[in-house]
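Q: File follows, run_21.tsv with TSV, C-alpha atoms and all ligand atoms:
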chain	number	residue	atom	x	y	z
A	133	MET	CA	88.47	78.93	57.72
A	134	GLU	CA	87.97	80.76	61.00
A	135	ASP	CA	90.85	83.05	61.96
A	136	PRO	CA	92.31	81.63	65.22
A	137	ARG	CA	93.31	85.18	66.22
A	138	TYR	CA	90.12	86.88	65.07
A	139	HIS	CA	89.89	89.19	68.11
A	140	ILE	CA	93.50	89.91	69.02
A	141	ARG	CA	94.54	90.36	65.34
A	142	VAL	CA	98.24	89.52	65.62
A	143	GLU	CA	100.53	87.37	63.50
A	144	PRO	CA	101.55	84.28	65.51
A	145	ASP	CA	105.29	84.98	65.08
A	146	ALA	CA	104.87	88.55	66.32
A	147	ILE	CA	104.27	87.25	69.86
A	148	GLY	CA	107.09	86.28	72.21
A	149	LYS	CA	107.30	83.23	74.46
A	150	TYR	CA	106.79	85.59	77.41
A	151	VAL	CA	103.66	87.75	77.51
A	152	ILE	CA	102.48	90.30	80.07
A	153	VAL	CA	98.71	90.84	80.01
A	154	VAL	CA	97.07	93.93	81.50
A	155	GLY	CA	93.40	94.87	81.81
A	156	ASP	CA	93.66	98.51	80.76
A	157	ARG	CA	94.84	99.45	77.22
A	158	GLY	CA	96.39	102.53	78.80
A	159	ARG	CA	98.77	100.27	80.73
A	160	VAL	CA	100.26	98.61	77.62
A	161	GLU	CA	102.74	101.37	76.72
A	162	ARG	CA	103.55	101.81	80.40
A	163	VAL	CA	104.79	98.22	80.41
A	164	ALA	CA	106.24	98.26	76.87
A	165	LYS	CA	108.63	101.12	77.79
A	166	TYR	CA	110.67	98.57	79.79
A	167	LEU	CA	111.24	96.48	76.63
A	168	GLU	CA	113.97	97.11	74.05
A	169	ASN	CA	112.60	98.32	70.73
A	170	PRO	CA	108.86	98.01	71.55
A	171	THR	CA	106.66	97.90	68.45
A	172	LYS	CA	102.89	97.78	68.09
A	173	VAL	CA	101.96	94.40	66.54
A	174	GLY	CA	98.19	94.38	66.91
A	175	GLU	CA	95.19	96.51	67.83
A	176	ASN	CA	91.55	95.44	67.82
A	177	ARG	CA	88.75	96.02	70.35
A	178	GLU	CA	90.27	95.82	73.88
A	179	TYR	CA	93.31	93.92	72.62
A	180	LEU	CA	96.29	96.24	72.06
A	181	THR	CA	99.60	94.40	71.64
A	182	TYR	CA	103.26	95.45	71.64
A	183	THR	CA	106.35	93.27	71.25
A	184	GLY	CA	109.92	94.09	72.18
A	185	TYR	CA	112.92	92.34	73.71
A	186	LEU	CA	114.37	91.54	77.15
A	187	LEU	CA	117.86	89.99	77.32
A	188	GLY	CA	117.58	89.20	73.62
A	189	GLU	CA	114.29	87.26	74.07
A	190	LYS	CA	111.05	88.37	72.40
A	191	VAL	CA	108.50	89.58	75.01
A	192	SER	CA	104.98	90.86	74.34
A	193	VAL	CA	102.46	92.90	76.27
A	194	MET	CA	98.74	92.78	75.48
A	195	SER	CA	95.64	94.31	77.05
A	196	THR	CA	92.71	91.97	77.72
A	197	GLY	CA	89.97	94.36	78.90
A	198	MET	CA	87.74	93.73	81.90
A	199	GLY	CA	86.20	90.44	82.97
A	200	ALA	CA	86.66	86.72	82.42
A	201	PRO	CA	85.07	86.42	78.95
A	202	ALA	CA	87.46	88.99	77.45
A	203	MET	CA	90.43	87.35	79.22
A	204	ALA	CA	89.30	83.91	77.99
A	205	ILE	CA	89.21	85.05	74.36
A	206	GLY	CA	92.61	86.71	74.70
A	207	ILE	CA	94.22	83.61	76.25
A	208	GLU	CA	92.64	81.19	73.78
A	209	GLU	CA	93.99	83.26	70.89
A	210	LEU	CA	97.43	83.82	72.48
A	211	ALA	CA	97.65	80.03	72.87
A	212	THR	CA	97.73	79.79	69.04
A	213	THR	CA	100.96	81.86	68.95
A	214	ASN	CA	104.48	81.37	70.39
A	215	ALA	CA	103.22	82.44	73.84
A	216	LYS	CA	104.13	80.06	76.66
A	217	VAL	CA	104.47	82.10	79.87
A	218	ILE	CA	101.74	84.61	80.67
A	219	ILE	CA	101.90	87.06	83.59
A	220	ARG	CA	98.96	89.30	84.43
A	221	VAL	CA	99.76	92.78	85.75
A	222	GLY	CA	96.41	93.86	87.16
A	223	THR	CA	94.74	95.89	89.88
A	224	THR	CA	92.78	94.60	92.85
A	225	GLY	CA	90.63	95.58	95.84
A	226	ALA	CA	91.71	94.50	99.33
A	227	ILE	CA	89.62	91.96	101.25
A	228	GLN	CA	92.18	91.82	104.09
A	229	LYS	CA	92.77	94.99	106.12
A	230	HIS	CA	96.57	94.58	106.20
A	231	LEU	CA	96.79	95.16	102.43
A	232	LYS	CA	97.69	98.79	101.73
A	233	LEU	CA	97.31	100.95	98.63
A	234	GLY	CA	100.12	100.25	96.19
A	235	ASP	CA	101.11	96.90	97.74
A	236	SER	CA	101.76	94.08	95.27
A	237	VAL	CA	99.79	90.83	95.44
A	238	ILE	CA	101.34	87.73	93.90
A	239	ALA	CA	98.37	85.44	93.35
A	240	THR	CA	99.09	81.74	93.84
A	241	ALA	CA	95.49	80.79	93.01
A	242	ALA	CA	92.03	82.23	92.40
A	243	VAL	CA	88.59	81.42	93.81
A	244	ARG	CA	86.57	80.70	90.65
A	245	MET	CA	83.52	82.89	91.25
A	246	ASP	CA	83.17	83.58	87.53
A	247	GLY	CA	80.79	82.19	84.94
A	248	THR	CA	83.32	81.67	82.16
A	249	THR	CA	85.49	78.88	83.58
A	250	ALA	CA	82.36	76.88	84.56
A	251	GLN	CA	81.82	76.50	80.82
A	252	TYR	CA	85.29	74.95	80.42
A	253	ILE	CA	85.64	72.44	83.25
A	254	MET	CA	84.14	71.21	86.55
A	255	PRO	CA	84.27	73.60	89.54
A	256	GLU	CA	86.60	71.23	91.44
A	257	PHE	CA	89.38	71.96	88.90
A	258	PRO	CA	91.70	74.47	90.63
A	259	ALA	CA	92.69	77.86	89.28
A	260	VAL	CA	96.38	77.86	90.17
A	261	ALA	CA	99.46	79.70	88.96
A	262	ASP	CA	102.58	77.85	87.80
A	263	PHE	CA	104.91	77.51	90.81
A	264	ARG	CA	108.01	78.48	88.78
A	265	VAL	CA	106.36	81.72	87.69
A	266	VAL	CA	105.26	82.43	91.28
A	267	LYS	CA	108.81	81.78	92.53
A	268	ALA	CA	110.28	84.16	89.94
A	269	LEU	CA	107.72	86.85	90.88
A	270	ILE	CA	108.60	86.53	94.58
A	271	GLU	CA	112.34	86.80	93.83
A	272	ALA	CA	111.60	89.81	91.62
A	273	ALA	CA	109.46	91.49	94.32
A	274	LYS	CA	112.38	91.22	96.75
A	275	VAL	CA	114.71	92.89	94.22
A	276	VAL	CA	112.25	95.70	93.38
A	277	GLY	CA	111.49	96.28	97.07
A	278	ASN	CA	107.74	96.99	96.91
A	279	PRO	CA	105.68	95.62	99.84
A	280	TYR	CA	104.13	92.36	98.63
A	281	HIS	CA	101.75	89.58	99.71
A	282	VAL	CA	101.50	86.04	98.36
A	283	GLY	CA	98.25	84.07	98.41
A	284	ILE	CA	94.78	83.40	97.04
A	285	VAL	CA	92.58	86.04	95.38
A	286	LEU	CA	88.89	86.09	94.48
A	287	SER	CA	87.93	86.34	90.81
A	288	THR	CA	84.38	87.51	90.30
A	289	ASP	CA	82.24	88.64	87.36
A	290	SER	CA	80.74	91.68	89.02
A	291	TYR	CA	82.53	94.88	90.01
A	292	TYR	CA	79.65	96.76	91.65
A	293	GLY	CA	77.63	93.80	92.93
A	294	ARG	CA	80.13	92.59	95.54
A	295	LYS	CA	81.54	95.26	97.78
A	296	PHE	CA	83.40	94.07	100.84
A	297	ASP	CA	83.31	97.15	103.07
A	298	PRO	CA	82.57	96.64	106.79
A	299	GLU	CA	78.96	97.93	106.57
A	300	ARG	CA	77.95	95.98	103.50
A	301	HIS	CA	79.99	92.86	104.02
A	302	SER	CA	78.22	89.98	102.29
A	303	TYR	CA	78.10	86.42	103.66
A	304	ILE	CA	80.44	85.28	100.89
A	305	GLY	CA	82.80	88.16	101.56
A	306	LYS	CA	82.99	87.33	105.28
A	307	GLN	CA	83.62	83.66	104.56
A	308	LEU	CA	86.43	84.45	102.13
A	309	GLU	CA	87.96	87.03	104.48
A	310	LYS	CA	88.05	84.40	107.26
A	311	ALA	CA	89.62	81.96	104.81
A	312	GLY	CA	92.47	84.43	104.27
A	313	VAL	CA	91.61	85.38	100.68
A	314	LEU	CA	93.69	88.49	100.08
A	315	ALA	CA	91.90	90.59	97.48
A	316	VAL	CA	89.36	90.66	94.68
A	317	GLU	CA	89.70	91.12	90.91
A	318	MET	CA	87.97	89.84	87.79
A	319	GLU	CA	90.20	87.81	85.43
A	320	LEU	CA	92.61	85.44	87.19
A	321	GLY	CA	90.21	82.48	87.40
A	322	ALA	CA	90.01	82.53	83.61
A	323	LEU	CA	93.74	83.07	83.09
A	324	TYR	CA	94.78	80.26	85.46
A	325	VAL	CA	92.17	77.68	84.37
A	326	ILE	CA	92.30	78.25	80.61
A	327	GLY	CA	96.07	78.73	80.76
A	328	ALA	CA	96.41	75.29	82.41
A	329	LEU	CA	94.07	73.68	79.88
A	330	LYS	CA	96.16	75.14	77.04
A	331	GLY	CA	99.54	74.16	78.55
A	332	LEU	CA	100.55	77.75	79.34
A	333	LEU	CA	102.52	78.72	82.46
A	334	THR	CA	100.72	81.54	84.23
A	335	GLY	CA	101.19	83.92	87.14
A	336	SER	CA	100.19	87.37	88.29
A	337	VAL	CA	101.22	90.47	90.15
A	338	LEU	CA	98.33	92.73	91.12
A	339	THR	CA	98.47	96.19	92.72
A	340	VAL	CA	96.10	97.15	95.54
A	341	ARG	CA	93.82	99.92	94.19
A	342	GLU	CA	91.27	99.84	97.02
A	343	GLU	CA	92.32	99.68	100.65
A	344	LEU	CA	89.91	98.74	103.46
A	345	SER	CA	90.36	101.27	106.26
A	346	GLU	CA	88.21	101.74	109.39
A	347	GLU	CA	86.41	104.59	107.57
A	348	GLY	CA	85.64	102.49	104.51
A	349	TYR	CA	87.45	102.22	101.20
A	350	ILE	CA	90.41	104.39	100.23
A	351	GLN	CA	90.80	104.36	96.47
A	352	ALA	CA	93.71	104.89	94.03
A	353	GLY	CA	95.98	108.01	94.38
A	354	PRO	CA	99.78	108.46	94.15
A	355	LYS	CA	100.59	105.48	96.40
A	356	PHE	CA	98.65	103.27	94.01
A	357	GLU	CA	100.40	104.74	90.95
A	358	GLN	CA	103.86	104.20	92.47
A	359	GLY	CA	102.88	100.66	93.50
A	360	LEU	CA	101.61	99.90	89.99
A	361	GLU	CA	104.91	101.06	88.48
A	362	ASN	CA	106.73	98.77	90.94
A	363	SER	CA	104.44	95.83	90.10
A	364	ILE	CA	105.25	96.37	86.41
A	365	LYS	CA	108.96	96.29	87.33
A	366	ILE	CA	108.33	93.05	89.29
A	367	ALA	CA	106.78	91.39	86.22
A	368	ILE	CA	109.65	92.55	83.98
A	369	LYS	CA	112.28	91.36	86.49
A	370	ALA	CA	110.47	88.00	86.89
A	371	ILE	CA	110.64	87.46	83.13
A	372	GLU	CA	114.37	88.25	83.18
A	373	ILE	CA	114.80	85.71	86.01
A	374	LEU	CA	112.87	83.09	84.02
A	375	ILE	CA	114.90	83.81	80.86
A	376	LYS	CA	118.22	83.61	82.77
A	377	GLY	CA	117.11	80.45	84.59
A	378	GLY	CA	116.35	78.72	81.30
A	379	LEU	CA	112.78	77.75	82.30
A	380	MET	CA	112.04	74.48	80.49
A	381	VAL	CA	109.70	75.86	77.83
B	1	LIG	O1	93.04	96.84	86.33
B	1	LIG	P1	92.60	95.54	85.73
B	1	LIG	O2	93.76	94.73	85.28
B	1	LIG	O3	91.59	95.71	84.64
B	1	LIG	O4	91.92	94.71	86.93
B	1	LIG	C1	90.82	95.08	87.70
B	1	LIG	O5	90.22	96.34	87.38
B	1	LIG	C2	88.98	96.15	86.67
B	1	LIG	C3	87.86	96.74	87.47
B	1	LIG	O6	88.07	98.08	87.75
B	1	LIG	C4	88.83	94.64	86.49
B	1	LIG	O7	89.30	94.27	85.23
B	1	LIG	C5	89.67	94.11	87.62
B	1	LIG	O8	90.11	92.78	87.49
B	2	LIG	O1	88.13	96.86	94.04
B	2	LIG	C1	88.64	96.48	93.00
B	2	LIG	C2	89.81	97.07	92.46
B	2	LIG	C3	90.29	96.58	91.31
B	2	LIG	N1	89.66	95.58	90.72
B	2	LIG	C4	88.55	95.01	91.20
B	2	LIG	O2	88.00	94.08	90.62
B	2	LIG	N2	88.06	95.49	92.34
Would you mind giving the structure from this file in structure tokens?

A:
Amino acid sequence: MEDPRYHIRVEPDAIGKYVIVVGDRGRVERVAKYLENPTKVGENREYLTYTGYLLGEKVSVMSTGMGAPAMAIGIEELATTNAKVIIRVGTTGAIQKHLKLGDSVIATAAVRMDGTTAQYIMPEFPAVADFRVVKALIEAAKVVGNPYHVGIVLSTDSYYGRKFDPERHSYIGKQLEKAGVLAVEMELGALYVIGALKGLLTGSVLTVREELSEEGYIQAGPKFEQGLENSIKIAIKAIEILIKGGLMV
């Protein structure tokens, strides 16, 4: 029989009800340090997984690599475990000029400009976060105190083929900017659509890694690193809020 966790290589009971997913493997331990007694429970390809505890509840953190196909595999396989609430802690590039390096973006929904979710369901099906997870993330952002924005992001399959700087602003980029789309990343369409199809409650807090200034893009740096640490704290706090609130899962 096919192993339902062939890629993530974890035992189903090793995963908590609450899971934080990150793109970069290097971010896993950075998140896991906020858990009590974090222990590595799986490592294969881009999927590195730790489990620990928050307020006595088992919580896991897993990397999912870059792009919708890798996220889709990770979510499908997590859905065969105890996982129920999944929060992505990712990075993003600003489409709106008022987003600054290190700001947090709580994504309510994603524009599905990816190829993966088209293979799951019609394009009219929305990629939306669970409102209870969004609410907890907003409450958490207020407690942590990092500047934050709430709204729609763009999920695309290409990193280099879609720059949104003022000189090379594509038609699609302009349209989405006018529509108020906040920022661009590469996995939320898959997380929100496949999560919904699998009955998971999803949400996300991204950190702005590229800022659009008059001179062009400003990238990464200490402001980004501090913002990322705060976004991690927001995700951790949101899970504590959900645990305390007894979310019906
Ligand atoms: O930092 P992560 O979470 O990987 O997110 C963003 O960064 C990667 C591109 O550099 C893409 O995966 C994109 O979605
Ligand atoms: O510009 C960016 C930054 C992070 N992630 C992206 O996909 N794009």

Q: Can you work out which one of A:Ala250, A:Val266, A:Ile140, A:Val160 has the shortest atom-to-atom distance to ligand LIG 1 (chain B), counting all atoms listed in the file?

A: A:Val160

Q: (86.1, 97.5, 69.8) in this file's frame - what residues fall within 12 Å of it? Use only C-alpha atoms and give the answer as a PDB file with C-alpha atoms, keeping the file's coordinate frame.

A:
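Once written, out11.pdb looks like this:
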ATOM      1  CA  HIS A 139      89.890  89.190  68.110  1.00  0.00           C
ATOM      2  CA  ILE A 140      93.500  89.910  69.020  1.00  0.00           C
ATOM      3  CA  ARG A 141      94.540  90.360  65.340  1.00  0.00           C
ATOM      4  CA  ARG A 157      94.840  99.450  77.220  1.00  0.00           C
ATOM      5  CA  GLU A 175      95.190  96.510  67.830  1.00  0.00           C
ATOM      6  CA  ASN A 176      91.550  95.440  67.820  1.00  0.00           C
ATOM      7  CA  ARG A 177      88.750  96.020  70.350  1.00  0.00           C
ATOM      8  CA  GLU A 178      90.270  95.820  73.880  1.00  0.00           C
ATOM      9  CA  TYR A 179      93.310  93.920  72.620  1.00  0.00           C
ATOM     10  CA  LEU A 180      96.290  96.240  72.060  1.00  0.00           C
ATOM     11  CA  THR A 196      92.710  91.970  77.720  1.00  0.00           C
ATOM     12  CA  GLY A 197      89.970  94.360  78.900  1.00  0.00           C
ATOM     13  CA  ALA A 202      87.460  88.990  77.450  1.00  0.00           C
TER      14      ALA A 202
END

Q: Which of these, A:Ile147, A:Leu360, A:Ile238, A:Leu374, has the shortest distance to A:Ala273 once you count all atoms listed in the file?

A: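 With all atoms listed in the file as the atom set, the closest residue is A:Ile238.
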
Q: Using only C-alpha atoms and all ligand atoms, can you tell me which of A:Asn278, A:Ser192, A:Ser336, A:Thr183 comes closest to ligand LIG 1 (chain B)?

A: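 Ranked by minimum distance to ligand LIG 1 (chain B), first place goes to A:Ser336.
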
Q: Do you know which residues are at most 9 Å from stretch 281-293 of chain A counting all atoms listed in the file, after dropping those on the same chain fewer than 5 positions away, and could you put them as a PyMOL selection string?

A: chain A and resi 199-200+224+227+231+235-248+260+266+270+308+312-322

Q: Give me, please, the distance in Å between atom CA of A:Asn214 and atom CA of A:Val276, quoted to one decimal.

A: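 So the two atoms, atom CA of A:Asn214 and atom CA of A:Val276, lie 28.2 Å apart.
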
Q: Using only the atoms of stretch 194-197 of chain A listed in the file, plus 6 Å on each side, state the axis-aligned box centre and edge lengths in Å rounded to one decimal, as AutoDock Vina command-line options.

A:
--center_x 94.4 --center_y 93.2 --center_z 77.2 --size_x 20.8 --size_y 14.4 --size_z 15.4
